[in-house]
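J.: So that you have it, the file is run18.txt, and it contains compact mmCIF, C-alpha atoms:
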```txt
# COMPACT_ATOMS: atom_id res chain seq x y z
CA MET A 1 103.32 40.00 27.52
CA SER A 2 104.54 36.41 27.50
CA TYR A 3 106.37 37.03 30.78
CA LEU A 4 103.16 38.42 32.28
CA ARG A 5 101.20 35.37 31.14
CA ASN A 6 103.83 33.07 32.63
CA VAL A 7 103.63 34.86 35.97
CA LEU A 8 99.83 34.73 35.96
CA LEU A 9 99.91 31.01 35.24
CA MET A 10 102.38 30.46 38.08
CA GLU A 11 100.21 32.47 40.44
CA LYS A 12 97.25 30.24 39.65
CA ARG A 13 99.28 27.10 40.25
CA TYR A 14 101.24 28.24 43.31
CA SER A 15 99.80 30.70 45.79
CA LEU A 16 101.70 33.15 47.96
CA ARG A 17 99.91 31.68 50.97
CA LEU A 18 101.47 28.29 50.31
CA TYR A 19 104.89 29.91 50.02
CA LEU A 20 104.45 31.80 53.30
CA ALA A 21 103.15 28.71 55.11
CA GLY A 22 106.17 26.71 53.96
CA ALA A 23 108.57 29.50 54.87
CA VAL A 24 107.07 29.88 58.36
CA ALA A 25 107.28 26.13 59.00
CA ALA A 26 110.87 25.79 57.74
CA ARG A 27 112.16 28.90 59.47
CA THR A 28 110.41 28.15 62.76
CA GLY A 29 111.91 24.66 62.67
CA ASP A 30 115.31 26.21 62.02
CA GLU A 31 114.98 28.77 64.83
CA MET A 32 113.81 25.98 67.14
CA SER A 33 116.56 23.54 66.20
CA GLY A 34 119.46 25.61 67.55
CA PRO A 35 118.15 26.07 71.12
CA ALA A 36 116.74 22.52 71.09
CA LEU A 37 120.12 21.08 70.12
CA MET A 38 121.88 23.14 72.75
CA LEU A 39 119.45 21.97 75.45
CA THR A 40 119.76 18.38 74.25
CA GLY A 41 123.54 18.57 74.19
CA PHE A 42 123.55 19.83 77.76
CA ALA A 43 121.05 17.18 78.88
CA LEU A 44 122.82 14.24 77.22
CA ALA A 45 126.46 15.35 77.24
CA GLY A 46 126.21 17.13 80.58
CA SER A 47 128.55 19.95 79.60
CA PRO A 48 127.70 23.61 78.85
CA THR A 49 130.83 23.78 76.69
CA ASP A 50 129.70 20.80 74.61
CA ALA A 51 126.23 22.30 74.28
CA SER A 52 127.52 25.67 73.01
CA SER A 53 130.01 23.90 70.71
CA LEU A 54 127.14 22.00 69.15
CA LEU A 55 125.23 25.21 68.47
CA ALA A 56 128.34 26.89 67.06
CA GLY A 57 129.06 23.92 64.82
CA ILE A 58 125.67 24.02 63.12
CA THR A 59 125.78 27.77 62.51
CA ILE A 60 129.38 28.58 61.62
CA SER A 61 129.50 26.52 58.41
CA ALA A 62 126.64 28.52 56.88
CA ALA A 63 129.22 31.05 55.67
CA VAL A 64 130.64 28.38 53.34
CA GLY A 65 127.43 26.60 52.43
CA GLY A 66 125.40 29.69 51.52
CA PRO A 67 127.18 30.76 48.31
CA VAL A 68 127.50 27.21 46.97
CA LEU A 69 123.89 26.33 47.72
CA GLY A 70 122.72 29.56 46.11
CA ALA A 71 124.73 28.93 42.96
CA LEU A 72 123.26 25.42 42.69
CA LEU A 73 119.74 26.82 43.11
CA ASP A 74 120.45 29.35 40.34
CA ARG A 75 121.52 26.55 37.99
CA ALA A 76 118.53 24.30 38.74
CA GLY A 77 115.58 24.22 36.35
CA ARG A 78 113.38 23.20 39.30
CA PRO A 79 114.93 25.02 42.25
CA GLY A 80 112.07 23.92 44.48
CA ARG A 81 113.13 20.28 44.14
CA LEU A 82 116.69 21.14 45.16
CA LEU A 83 115.40 23.25 48.03
CA ALA A 84 113.22 20.36 49.23
CA MET A 85 116.23 18.03 49.08
CA ALA A 86 118.25 20.49 51.16
CA LEU A 87 115.46 20.54 53.76
CA VAL A 88 115.44 16.73 53.88
CA LEU A 89 119.20 16.59 54.36
CA TYR A 90 119.11 19.30 57.02
CA ALA A 91 116.42 17.42 58.93
CA ALA A 92 118.36 14.17 58.51
CA GLY A 93 121.46 15.85 59.93
CA LEU A 94 119.51 16.99 62.99
CA GLY A 95 118.21 13.46 63.42
CA MET A 96 121.71 11.99 63.21
CA ILE A 97 122.94 14.43 65.85
CA LEU A 98 120.07 13.49 68.14
CA LEU A 99 120.64 9.76 67.70
CA GLY A 100 124.43 10.07 68.01
CA LEU A 101 124.61 12.11 71.21
CA GLY A 102 125.89 9.85 73.95
CA ARG A 103 126.54 7.03 71.46
CA MET A 104 129.20 8.48 69.16
CA PRO A 105 132.41 10.39 69.96
CA PHE A 106 131.54 14.05 70.44
CA ALA A 107 134.02 15.08 67.74
CA VAL A 108 131.96 13.06 65.23
CA ILE A 109 128.78 14.80 66.42
CA ILE A 110 130.39 18.20 65.89
CA LEU A 111 131.44 17.15 62.38
CA ILE A 112 127.86 16.12 61.58
CA ALA A 113 126.65 19.49 62.93
CA VAL A 114 129.11 21.37 60.74
CA VAL A 115 128.07 19.44 57.61
CA THR A 116 124.38 19.96 58.46
CA GLY A 117 124.96 23.67 58.94
CA LEU A 118 126.13 23.99 55.33
CA LEU A 119 122.46 23.64 54.35
CA GLY A 120 121.19 26.23 56.83
CA PRO A 121 120.86 29.06 54.25
CA ALA A 122 118.27 26.94 52.39
CA LEU A 123 115.83 27.84 55.15
CA SER A 124 116.44 31.57 54.76
CA GLY A 125 117.81 33.02 51.52
CA GLY A 126 117.02 29.91 49.50
CA TRP A 127 113.30 30.50 49.98
CA THR A 128 113.28 34.26 49.53
CA ALA A 129 115.13 34.10 46.19
CA GLN A 130 112.17 32.26 44.66
CA LEU A 131 109.63 34.98 45.48
CA PRO A 132 109.78 37.09 42.26
CA ARG A 133 108.55 34.14 40.15
CA MET A 134 105.37 33.85 42.20
CA VAL A 135 103.97 37.37 42.25
CA LEU A 136 103.54 40.23 39.82
CA ARG A 137 106.23 42.88 39.99
CA ASP A 138 103.78 45.44 41.42
CA HIS A 139 102.90 43.01 44.22
CA LEU A 140 106.51 42.24 45.11
CA PRO A 141 107.00 44.97 47.78
CA ARG A 142 104.05 43.70 49.84
CA ALA A 143 105.06 40.05 49.31
CA ASN A 144 108.57 41.02 50.35
CA THR A 145 107.36 42.49 53.64
CA LEU A 146 105.19 39.44 54.31
CA ASP A 147 108.22 37.23 53.66
CA ALA A 148 110.27 39.24 56.16
CA MET A 149 107.46 38.74 58.67
CA THR A 150 107.95 34.96 58.45
CA PHE A 151 111.43 35.49 59.93
CA ASN A 152 109.90 37.55 62.75
CA VAL A 153 107.30 34.85 63.46
CA ALA A 154 109.99 32.16 63.42
CA SER A 155 112.34 34.08 65.72
CA LEU A 156 109.46 34.55 68.15
CA ALA A 157 107.96 31.06 68.02
CA GLY A 158 111.07 28.91 67.53
CA PRO A 159 112.95 29.55 70.80
CA ALA A 160 109.68 29.65 72.77
CA LEU A 161 108.66 26.26 71.37
CA ALA A 162 112.11 24.82 72.06
CA GLY A 163 112.00 25.91 75.69
CA GLY A 164 108.37 24.91 76.22
CA VAL A 165 108.66 21.47 74.66
CA ALA A 166 111.99 20.80 76.39
CA GLU A 167 110.46 21.72 79.73
CA ALA A 168 107.33 19.63 79.23
CA LEU A 169 108.58 16.62 77.26
CA GLY A 170 112.36 16.76 77.35
CA ALA A 171 115.01 18.39 75.18
CA PRO A 172 115.30 15.48 72.67
CA THR A 173 111.57 15.84 71.95
CA ALA A 174 112.14 19.50 71.12
CA VAL A 175 114.60 18.43 68.41
CA VAL A 176 112.00 15.99 67.06
CA VAL A 177 109.38 18.76 66.90
CA SER A 178 111.80 20.99 65.00
CA LEU A 179 112.32 18.14 62.53
CA GLY A 180 108.57 17.87 62.12
CA LEU A 181 108.22 21.57 61.34
CA ILE A 182 110.93 21.37 58.68
CA ALA A 183 109.18 18.32 57.19
CA LEU A 184 105.91 20.29 57.00
CA ALA A 185 107.64 22.72 54.64
CA LEU A 186 108.61 20.03 52.12
CA PRO A 187 105.43 20.14 49.96
CA ALA A 188 105.62 23.93 49.65
CA ALA A 189 109.28 23.71 48.62
CA TRP A 190 108.76 20.84 46.17
CA MET A 191 105.92 22.66 44.39
CA LEU A 192 107.80 25.93 43.86
CA PRO A 193 107.50 27.09 40.22
CA ALA A 194 110.07 26.03 37.65
CA ARG A 195 112.17 28.60 35.86
CA PRO A 196 110.82 29.99 32.56
CA GLY A 197 112.01 28.19 29.44
CA ARG A 198 114.74 30.69 28.59
CA ALA A 199 116.24 30.47 32.08
CA ARG A 200 116.48 26.68 31.93
CA SER A 201 119.14 26.62 29.25
CA ALA A 202 122.31 24.81 30.27
CA ARG A 203 124.99 26.94 31.88
CA THR A 204 128.26 27.12 30.01
CA THR A 205 130.20 28.56 32.95
CA SER A 206 131.62 26.55 35.82
CA LEU A 207 130.26 26.66 39.34
CA ILE A 208 133.41 28.46 40.53
CA SER A 209 132.98 31.10 37.83
CA GLU A 210 129.41 31.69 38.93
CA LEU A 211 130.46 31.98 42.56
CA ALA A 212 133.00 34.61 41.52
CA ALA A 213 130.37 36.40 39.42
CA GLY A 214 127.97 36.51 42.36
CA MET A 215 130.58 38.03 44.64
CA ARG A 216 131.44 40.61 41.98
CA VAL A 217 127.80 41.65 41.83
CA ILE A 218 127.48 41.91 45.62
CA VAL A 219 130.66 43.98 45.89
CA GLY A 220 130.32 45.92 42.64
CA ARG A 221 126.74 47.15 42.69
CA GLN A 222 126.65 50.16 44.95
CA ALA A 223 123.14 49.72 46.32
CA LEU A 224 123.65 46.01 46.95
CA ALA A 225 127.08 46.49 48.53
CA ARG A 226 125.75 49.22 50.80
CA ALA A 227 122.72 47.21 51.90
CA THR A 228 124.79 44.06 52.47
CA LEU A 229 127.49 45.79 54.53
CA THR A 230 124.98 47.77 56.61
CA SER A 231 122.85 44.71 57.34
CA VAL A 232 125.87 42.57 58.28
CA VAL A 233 127.27 45.19 60.68
CA SER A 234 123.76 45.58 62.12
CA CYS A 235 123.76 41.83 62.72
CA VAL A 236 127.02 42.19 64.63
CA ALA A 237 125.21 44.65 66.94
CA GLN A 238 122.23 42.28 67.22
CA GLY A 239 124.56 39.44 68.20
CA MET A 240 126.03 41.68 70.89
CA LEU A 241 122.56 42.42 72.29
CA THR A 242 121.69 38.73 72.32
CA ALA A 243 124.85 37.92 74.27
CA CYS A 244 123.80 40.51 76.88
CA ILE A 245 120.30 39.04 77.31
CA PRO A 246 120.99 36.46 80.08
CA LEU A 247 122.76 38.98 82.35
CA LEU A 248 120.16 41.67 81.59
CA GLY A 249 117.46 39.22 82.60
CA GLU A 250 119.29 38.30 85.80
CA ARG A 251 120.31 41.78 86.94
CA VAL A 252 117.43 43.91 85.65
CA LEU A 253 114.40 41.61 85.46
CA GLY A 254 115.22 39.34 88.40
CA GLY A 255 116.15 36.12 86.62
CA ALA A 256 118.33 34.98 83.73
CA GLY A 257 115.43 33.03 82.25
CA ARG A 258 113.42 36.23 82.00
CA GLY A 259 115.87 37.46 79.41
CA ALA A 260 113.86 35.44 76.88
CA VAL A 261 111.09 37.99 77.38
CA LEU A 262 113.39 40.62 75.93
CA LEU A 263 114.03 38.58 72.79
CA SER A 264 110.28 38.04 72.47
CA CYS A 265 109.75 41.80 72.69
CA VAL A 266 112.23 42.35 69.84
CA ALA A 267 110.49 39.74 67.68
CA ILE A 268 106.97 41.03 68.44
CA SER A 269 107.77 44.65 67.65
CA ALA A 270 109.59 43.64 64.45
CA LEU A 271 106.54 41.61 63.42
CA VAL A 272 104.14 44.47 64.17
CA ALA A 273 106.35 46.98 62.34
CA ASN A 274 106.41 44.83 59.21
CA ALA A 275 102.66 44.19 59.45
CA VAL A 276 102.10 47.95 59.42
CA LEU A 277 104.44 48.34 56.43
CA ALA A 278 102.58 45.59 54.57
CA ARG A 279 99.31 47.44 55.15
CA PHE A 280 100.68 50.95 54.60
CA PRO A 281 103.75 50.82 52.30
CA PRO A 282 106.27 53.53 53.20
CA SER A 283 107.12 56.34 50.81
CA ALA A 284 110.80 56.09 51.71
CA ALA A 285 113.05 54.02 49.45
CA PRO A 286 114.37 50.71 50.80
CA ASP A 287 117.89 52.18 50.65
CA THR A 288 116.89 54.90 53.10
CA ILE A 289 115.16 52.43 55.42
CA ILE A 290 118.32 50.31 55.58
CA TRP A 291 120.52 52.98 57.17
CA ALA A 292 117.74 54.72 59.12
CA SER A 293 116.80 51.39 60.74
CA ALA A 294 120.39 50.95 61.87
CA LEU A 295 120.18 54.30 63.67
CA VAL A 296 116.91 53.25 65.31
CA GLN A 297 118.67 50.14 66.62
CA ALA A 298 121.57 52.25 67.85
CA ALA A 299 119.19 54.53 69.78
CA ALA A 300 117.48 51.49 71.31
CA LEU A 301 120.78 49.96 72.43
CA ALA A 302 121.90 53.26 73.93
CA LEU A 303 118.58 53.52 75.81
CA ALA A 304 119.06 49.99 77.17
CA THR A 305 122.20 51.11 79.06
CA TRP A 306 119.88 52.71 81.66
CA ARG A 307 119.05 49.17 82.87
CA GLN A 308 115.68 50.06 84.36
CA PRO A 309 113.03 47.34 83.77
CA VAL A 310 110.45 49.50 81.98
CA VAL A 311 113.10 51.45 80.04
CA LEU A 312 114.80 48.19 79.03
CA ILE A 313 111.57 46.71 77.67
CA VAL A 314 110.85 49.92 75.74
CA ALA A 315 114.40 49.82 74.37
CA VAL A 316 114.11 46.28 73.01
CA LEU A 317 110.71 47.11 71.50
CA ILE A 318 112.36 50.01 69.67
CA ALA A 319 115.17 47.68 68.57
CA GLY A 320 112.58 45.42 66.93
CA ILE A 321 111.06 48.41 65.14
CA GLY A 322 114.49 48.90 63.60
CA GLU A 323 115.21 45.24 62.83
CA GLY A 324 111.95 44.29 61.11
CA PRO A 325 111.77 46.99 58.43
CA GLN A 326 115.52 46.72 57.81
CA LEU A 327 115.12 43.06 56.84
CA ALA A 328 112.21 43.82 54.51
CA ALA A 329 114.18 46.67 52.91
CA LEU A 330 117.19 44.40 52.46
CA PHE A 331 115.06 41.85 50.61
CA ALA A 332 113.62 44.60 48.39
CA ILE A 333 117.10 45.81 47.43
CA ARG A 334 118.33 42.29 46.69
CA HIS A 335 115.31 41.57 44.48
CA ARG A 336 115.83 44.87 42.67
CA GLU A 337 119.58 44.58 42.14
CA ALA A 338 120.23 40.85 41.72
CA PRO A 339 120.43 39.46 38.16
CA GLU A 340 117.94 36.64 37.70
CA HIS A 341 120.63 34.05 36.99
CA LEU A 342 122.46 34.91 40.26
CA ARG A 343 119.50 35.75 42.51
CA ALA A 344 119.55 32.68 44.78
CA GLN A 345 123.32 32.89 45.25
CA ILE A 346 123.11 36.54 46.27
CA PHE A 347 120.36 35.80 48.79
CA THR A 348 122.07 32.79 50.35
CA THR A 349 125.47 34.49 50.38
CA GLY A 350 123.94 37.51 52.08
CA ALA A 351 122.30 35.23 54.65
CA SER A 352 125.66 33.56 55.29
CA PHE A 353 127.32 36.92 55.87
CA LYS A 354 124.61 37.86 58.36
CA PHE A 355 124.94 34.57 60.26
CA THR A 356 128.66 35.17 60.52
CA GLY A 357 128.20 38.77 61.65
CA PHE A 358 125.74 37.75 64.35
CA ALA A 359 128.08 35.04 65.65
CA LEU A 360 131.04 37.46 65.58
CA GLY A 361 129.13 40.06 67.58
CA ALA A 362 128.12 37.53 70.24
CA ALA A 363 131.69 36.27 70.50
CA VAL A 364 133.32 39.71 70.70
CA VAL A 365 131.00 41.11 73.36
CA GLY A 366 131.12 38.00 75.57
CA PRO A 367 134.21 39.02 77.59
CA VAL A 368 132.96 42.63 77.78
CA VAL A 369 129.51 41.89 79.18
CA THR A 370 130.92 39.89 82.10
CA ARG A 371 132.77 43.03 83.23
CA SER A 372 130.25 45.73 82.31
CA ILE A 373 126.74 45.39 80.88
CA PRO A 374 126.51 49.13 80.07
CA GLY A 375 129.89 48.90 78.36
CA ALA A 376 128.72 45.96 76.23
CA LEU A 377 125.48 47.74 75.29
CA ALA A 378 127.39 50.92 74.45
CA LEU A 379 129.68 48.88 72.21
CA ALA A 380 126.61 47.40 70.50
CA ALA A 381 125.09 50.87 70.03
CA SER A 382 128.35 52.14 68.55
CA THR A 383 128.41 49.18 66.18
CA ALA A 384 124.87 49.98 65.01
CA VAL A 385 125.91 53.59 64.34
CA LEU A 386 128.87 52.22 62.40
CA ALA A 387 126.42 50.15 60.35
CA ALA A 388 124.59 53.31 59.30
CA LEU A 389 127.85 55.09 58.50
CA ALA A 390 129.02 52.10 56.46
CA PHE A 391 126.11 52.70 54.09
CA PHE A 392 127.57 56.06 53.09
CA ALA A 393 131.18 54.87 53.09
CA ILE A 394 130.71 52.86 49.91
CA ARG A 395 131.04 55.05 46.88
CA SER A 396 129.85 54.58 43.33
CA THR A 397 131.31 51.33 42.00
CA THR A 398 128.20 50.04 40.29
CA VAL A 399 128.75 47.09 37.95
CA ASN A 400 127.80 47.76 34.34
CA SER A 401 126.97 51.39 35.18
CA SER A 402 126.54 53.56 32.12
CA GLU A 403 128.23 56.41 34.00
CA ASP A 404 131.31 54.27 34.64
CA ARG A 405 131.46 53.29 30.99
CA ALA A 406 131.16 56.92 29.95
CA MET A 407 134.00 57.97 32.24
CA SER A 408 136.24 55.13 31.08
CA SER A 409 135.68 56.09 27.49
```
Just dump the structure as structure tokens.
T.:
Amino acid sequence: MSYLRNVLLMEKRYSLRLYLAGAVAARTGDEMSGPALMLTGFALAGSPTDASSLLAGITISAAVGGPVLGALLDRAGRPGRLLAMALVLYAAGLGMILLGLGRMPFAVIILIAVVTGLLGPALSGGWTAQLPRMVLRDHLPRANTLDAMTFNVASLAGPALAGGVAEALGAPTAVVVSLGLIALALPAAWMLPARPGRARSARTTSLISELAAGMRVIVGRQALARATLTSVVSCVAQGMLTACIPLLGERVLGGAGRGAVLLSCVAISALVANAVLARFPPSAAPDTIIWASALVQAAALALATWRQPVVLIVAVLIAGIGEGPQLAALFAIRHREAPEHLRAQIFTTGASFKFTGFALGAAVVGPVVTRSIPGALALAASTAVLAALAFFAIRSTTVNSSEDRAMSS
């Protein structure tokens, strides 16, 4: 009963709407910052290689920063304050990159981008890990789906804003707008509820021990390991599709720039799919949705190999129907399986894995797509099938399972 009263008090003080508004602002700013930096790097440095290196620098370090940031959030009595500080530092890093381009050695700019990227998971998993303390347990599935929708909104609005602002006002202005969006999220982050009294007690374990404990939970709990592996391999396939977009736009839709329409179609259908799930919760378990969504994405990627304009648009719409619910299901499984004292670390670590998987997929398929678009799409479809199969490849290794203890005894 005391836990219920605490949750009710937190709901009165901090609304889900405020959380969602902050998440949309932060994540849209994040989704906008990458393309805006790449456009700015090309405009000011004059080199496509420098521009892509800048984007890679700010994304690749997330794999290291995610687990550490999550562990620090788990140890904080007021995680919202730490999250707000991370947003400030991320925005400051973007500002330093913008001011330094053309004035500092490019190697220094890349270093700043890498350091800034360490804080990237704060805008994804760092937010989502705070959700269970703001809603009643019965309301968590719907809140979870709404949270996943903020990613869909951000992935739709961020790149479009970056391109539109860069075209109208210049690429550096697009970076400034992304900074402004991240700054808009600061009040919502700062006001996030504190941990209950029992959870605030000082940790006796070291940060390294907690990082190891978080990894043991991710690997050891069957449901969590399955969901993590399936989602990461799915992200590899999504990265492959993204790498195919410019050539698909050029050779199927009549212009490389029109490839952005395909990404918009993916984001829109993912958003609509999650909106339907929020209104009509599915009877299927999140675990089932995880692997079934991977198969939906595989079917969409296979359909895209036809390379007919209408068929291609239908294919990417189907891909979004797979991506959106898979993300919501992943969040549901993490909330269900993660221990409270490791929740933020598990969310940010999972986000880091997904960033890495996406980047790996884009890098692997790059040489393939220049030789054969159907071959690249077939490889992506095969990877999505592999993601679904990976779910069933992990056998029972659940941490603290009563069945395991019984067998060992």
J.: State, in Å with one decimal place, the distance from atom CA of His335 of chain A to atom CA of Pro132 of chain A.
T.: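 So the two atoms, atom CA of His335 of chain A and atom CA of Pro132 of chain A, lie 7.5 Å apart.
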J.: Which one of A:Arg334, A:Ala107, A:Ala380, A:Thr288 sits closest to Ala225 of chain A if you count only C-alpha atoms?
T.: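 Nearest to Ala225 of chain A: A:Arg334.
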J.: Do you know which residues are at most 6 Å from segment 181-195 of chain A counting all atoms listed in the file, after dropping those on the same chain fewer than 3 positions away, and could you put them as a ChimeraX atom specification?
T.: /A:22,25-26,29,77-78,80-81,84,178,199
J.: Atom CA of Phe280 of chain A and atom CA of Met149 of chain A, how far apart in Å?
T.: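 Between atom CA of Met149 of chain A and atom CA of Phe280 of chain A the gap is 14.5 Å.
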J.: I need the residue nearest Ala62 of chain A from this list: A:Asn274, A:Thr349, A:Ser234, A:Thr383. Use all atoms listed in the file for the distance.
T.: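 Among A:Asn274, A:Thr349, A:Ser234, A:Thr383, it is A:Thr349 that comes nearest to Ala62 of chain A.
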J.: If we count all atoms listed in the file and set the cut-off at 10 Å, which residues sit around Trp306 of chain A, ignoring sequence neighbours fewer than 3 positions away in its own chain? Please answer as a short mmCIF file (atom, residue, chain, number, x, y, z; two decimals) with C-alpha atoms, in the coordinates of the input.
T.:
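Result written to selection_14.cif:
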```cif
data_model
loop_
_atom_site.label_atom_id
_atom_site.label_comp_id
_atom_site.auth_asym_id
_atom_site.auth_seq_id
_atom_site.Cartn_x
_atom_site.Cartn_y
_atom_site.Cartn_z
CA VAL A 252 117.43 43.91 85.65
CA LEU A 301 120.78 49.96 72.43
CA ALA A 302 121.90 53.26 73.93
CA LEU A 303 118.58 53.52 75.81
CA PRO A 309 113.03 47.34 83.77
CA VAL A 310 110.45 49.50 81.98
CA VAL A 311 113.10 51.45 80.04
CA LEU A 312 114.80 48.19 79.03
CA ALA A 315 114.40 49.82 74.37
CA PRO A 374 126.51 49.13 80.07
CA LEU A 377 125.48 47.74 75.29
#
```
J.: State, in Å with one decimal place, the distance from atom CA of Ala237 of chain A to atom CA of Ala351 of chain A.
T.: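 About the pair atom CA of Ala237 of chain A and atom CA of Ala351 of chain A: they are 15.8 Å apart.
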J.: Can you tell me, as an mmCIF file with C-alpha atoms, in the coordinates of the input, which residues sit within 9 Å of (115.7, 46.5, 62.3) in the file's frame, using only C-alpha atoms?
T.:
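In the end it all went to selection_10.cif:
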```
data_model
loop_
_atom_site.group_PDB
_atom_site.id
_atom_site.type_symbol
_atom_site.label_atom_id
_atom_site.label_comp_id
_atom_site.auth_asym_id
_atom_site.auth_seq_id
_atom_site.Cartn_x
_atom_site.Cartn_y
_atom_site.Cartn_z
ATOM 1 C CA SER A 231 122.850 44.710 57.340
ATOM 2 C CA SER A 234 123.760 45.580 62.120
ATOM 3 C CA ALA A 270 109.590 43.640 64.450
ATOM 4 C CA ILE A 290 118.320 50.310 55.580
ATOM 5 C CA SER A 293 116.800 51.390 60.740
ATOM 6 C CA ALA A 294 120.390 50.950 61.870
ATOM 7 C CA VAL A 296 116.910 53.250 65.310
ATOM 8 C CA GLN A 297 118.670 50.140 66.620
ATOM 9 C CA ILE A 318 112.360 50.010 69.670
ATOM 10 C CA ALA A 319 115.170 47.680 68.570
ATOM 11 C CA GLY A 320 112.580 45.420 66.930
ATOM 12 C CA ILE A 321 111.060 48.410 65.140
ATOM 13 C CA GLY A 322 114.490 48.900 63.600
ATOM 14 C CA GLU A 323 115.210 45.240 62.830
ATOM 15 C CA GLY A 324 111.950 44.290 61.110
ATOM 16 C CA PRO A 325 111.770 46.990 58.430
ATOM 17 C CA GLN A 326 115.520 46.720 57.810
ATOM 18 C CA LEU A 327 115.120 43.060 56.840
ATOM 19 C CA ALA A 328 112.210 43.820 54.510
#
```
J.: When distances are computed from all atoms listed in the file, which of A:Leu229, A:Ala86, A:Ile268, A:Ala376 shows the smallest separation from Ala154 of chain A?
T.: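 Among the listed residues, the smallest separation from Ala154 of chain A belongs to A:Ile268.
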J.: Nearest to Ala129 of chain A among A:Leu72, A:Ala171, A:Ile346, A:Val364, with distances taken over all atoms listed in the file: which residue is it?
T.: A:Ile346
J.: Could you give me, as a VMD selection string, the residues within 9 Å of Gly65 of chain A, counting only C-alpha atoms and dropping anything in the same chain fewer than 4 positions from it?
T.: chain A and resid 61 69 to 70 115 117 to 121 348 to 349 352
J.: Can you write just those residues out, C-alpha atoms, as a short mmCIF file (atom, residue, chain, number, x, y, z; two decimals), keeping the file's coordinate frame?
T.:
```
data_model
loop_
_atom_site.label_atom_id
_atom_site.label_comp_id
_atom_site.auth_asym_id
_atom_site.auth_seq_id
_atom_site.Cartn_x
_atom_site.Cartn_y
_atom_site.Cartn_z
CA SER A 61 129.50 26.52 58.41
CA LEU A 69 123.89 26.33 47.72
CA GLY A 70 122.72 29.56 46.11
CA VAL A 115 128.07 19.44 57.61
CA GLY A 117 124.96 23.67 58.94
CA LEU A 118 126.13 23.99 55.33
CA LEU A 119 122.46 23.64 54.35
CA GLY A 120 121.19 26.23 56.83
CA PRO A 121 120.86 29.06 54.25
CA THR A 348 122.07 32.79 50.35
CA THR A 349 125.47 34.49 50.38
CA SER A 352 125.66 33.56 55.29
#
```
J.: Would you please work out which residue, of A:Ser124, A:Thr116, A:Ser33, A:Gln130, is nearest to His341 of chain A when using only C-alpha atoms?
T.: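 With only C-alpha atoms as the atom set, the closest residue is A:Gln130.
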J.: So, counting all atoms listed in the file, which residue among A:Leu55, A:Leu342, A:Gly366, A:Arg17 is closest to Ala213 of chain A?
T.: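 So, comparing all the options, the nearest one is A:Leu342.
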J.: Can you patch up segment 36-45 of chain A, filling it in to N, CA, C and O atoms, and show the result as a PDB file, in the frame of the given file?
T.:
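The resulting selection_37.pdb:
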```
ATOM      1  N   ALA A  36     117.074  23.900  70.739  1.00  0.00           N
ATOM      2  CA  ALA A  36     116.740  22.520  71.090  1.00  0.00           C
ATOM      3  C   ALA A  36     117.990  21.645  71.117  1.00  0.00           C
ATOM      4  O   ALA A  36     118.170  20.813  72.015  1.00  0.00           O
ATOM      5  N   LEU A  37     118.875  21.840  70.130  1.00  0.00           N
ATOM      6  CA  LEU A  37     120.120  21.080  70.120  1.00  0.00           C
ATOM      7  C   LEU A  37     121.005  21.439  71.305  1.00  0.00           C
ATOM      8  O   LEU A  37     121.638  20.565  71.915  1.00  0.00           O
ATOM      9  N   MET A  38     121.052  22.727  71.635  1.00  0.00           N
ATOM     10  CA  MET A  38     121.880  23.140  72.750  1.00  0.00           C
ATOM     11  C   MET A  38     121.358  22.539  74.055  1.00  0.00           C
ATOM     12  O   MET A  38     122.139  22.036  74.871  1.00  0.00           O
ATOM     13  N   LEU A  39     120.037  22.563  74.249  1.00  0.00           N
ATOM     14  CA  LEU A  39     119.450  21.970  75.450  1.00  0.00           C
ATOM     15  C   LEU A  39     119.676  20.455  75.481  1.00  0.00           C
ATOM     16  O   LEU A  39     119.957  19.881  76.534  1.00  0.00           O
ATOM     17  N   THR A  40     119.558  19.829  74.317  1.00  0.00           N
ATOM     18  CA  THR A  40     119.760  18.380  74.250  1.00  0.00           C
ATOM     19  C   THR A  40     121.216  18.024  74.518  1.00  0.00           C
ATOM     20  O   THR A  40     121.518  17.057  75.222  1.00  0.00           O
ATOM     21  N   GLY A  41     122.129  18.810  73.950  1.00  0.00           N
ATOM     22  CA  GLY A  41     123.540  18.570  74.190  1.00  0.00           C
ATOM     23  C   GLY A  41     123.887  18.688  75.666  1.00  0.00           C
ATOM     24  O   GLY A  41     124.655  17.888  76.197  1.00  0.00           O
ATOM     25  N   PHE A  42     123.293  19.671  76.334  1.00  0.00           N
ATOM     26  CA  PHE A  42     123.550  19.830  77.760  1.00  0.00           C
ATOM     27  C   PHE A  42     122.946  18.672  78.558  1.00  0.00           C
ATOM     28  O   PHE A  42     123.553  18.149  79.498  1.00  0.00           O
ATOM     29  N   ALA A  43     121.730  18.249  78.153  1.00  0.00           N
ATOM     30  CA  ALA A  43     121.050  17.180  78.880  1.00  0.00           C
ATOM     31  C   ALA A  43     121.757  15.835  78.710  1.00  0.00           C
ATOM     32  O   ALA A  43     121.876  15.056  79.654  1.00  0.00           O
ATOM     33  N   LEU A  44     122.247  15.558  77.497  1.00  0.00           N
ATOM     34  CA  LEU A  44     122.820  14.240  77.220  1.00  0.00           C
ATOM     35  C   LEU A  44     124.329  14.211  77.409  1.00  0.00           C
ATOM     36  O   LEU A  44     124.887  13.185  77.805  1.00  0.00           O
ATOM     37  N   ALA A  45     124.998  15.318  77.082  1.00  0.00           N
ATOM     38  CA  ALA A  45     126.460  15.350  77.240  1.00  0.00           C
ATOM     39  C   ALA A  45     126.861  15.870  78.614  1.00  0.00           C
ATOM     40  O   ALA A  45     127.956  15.602  79.095  1.00  0.00           O
TER      41      ALA A  45
END
```
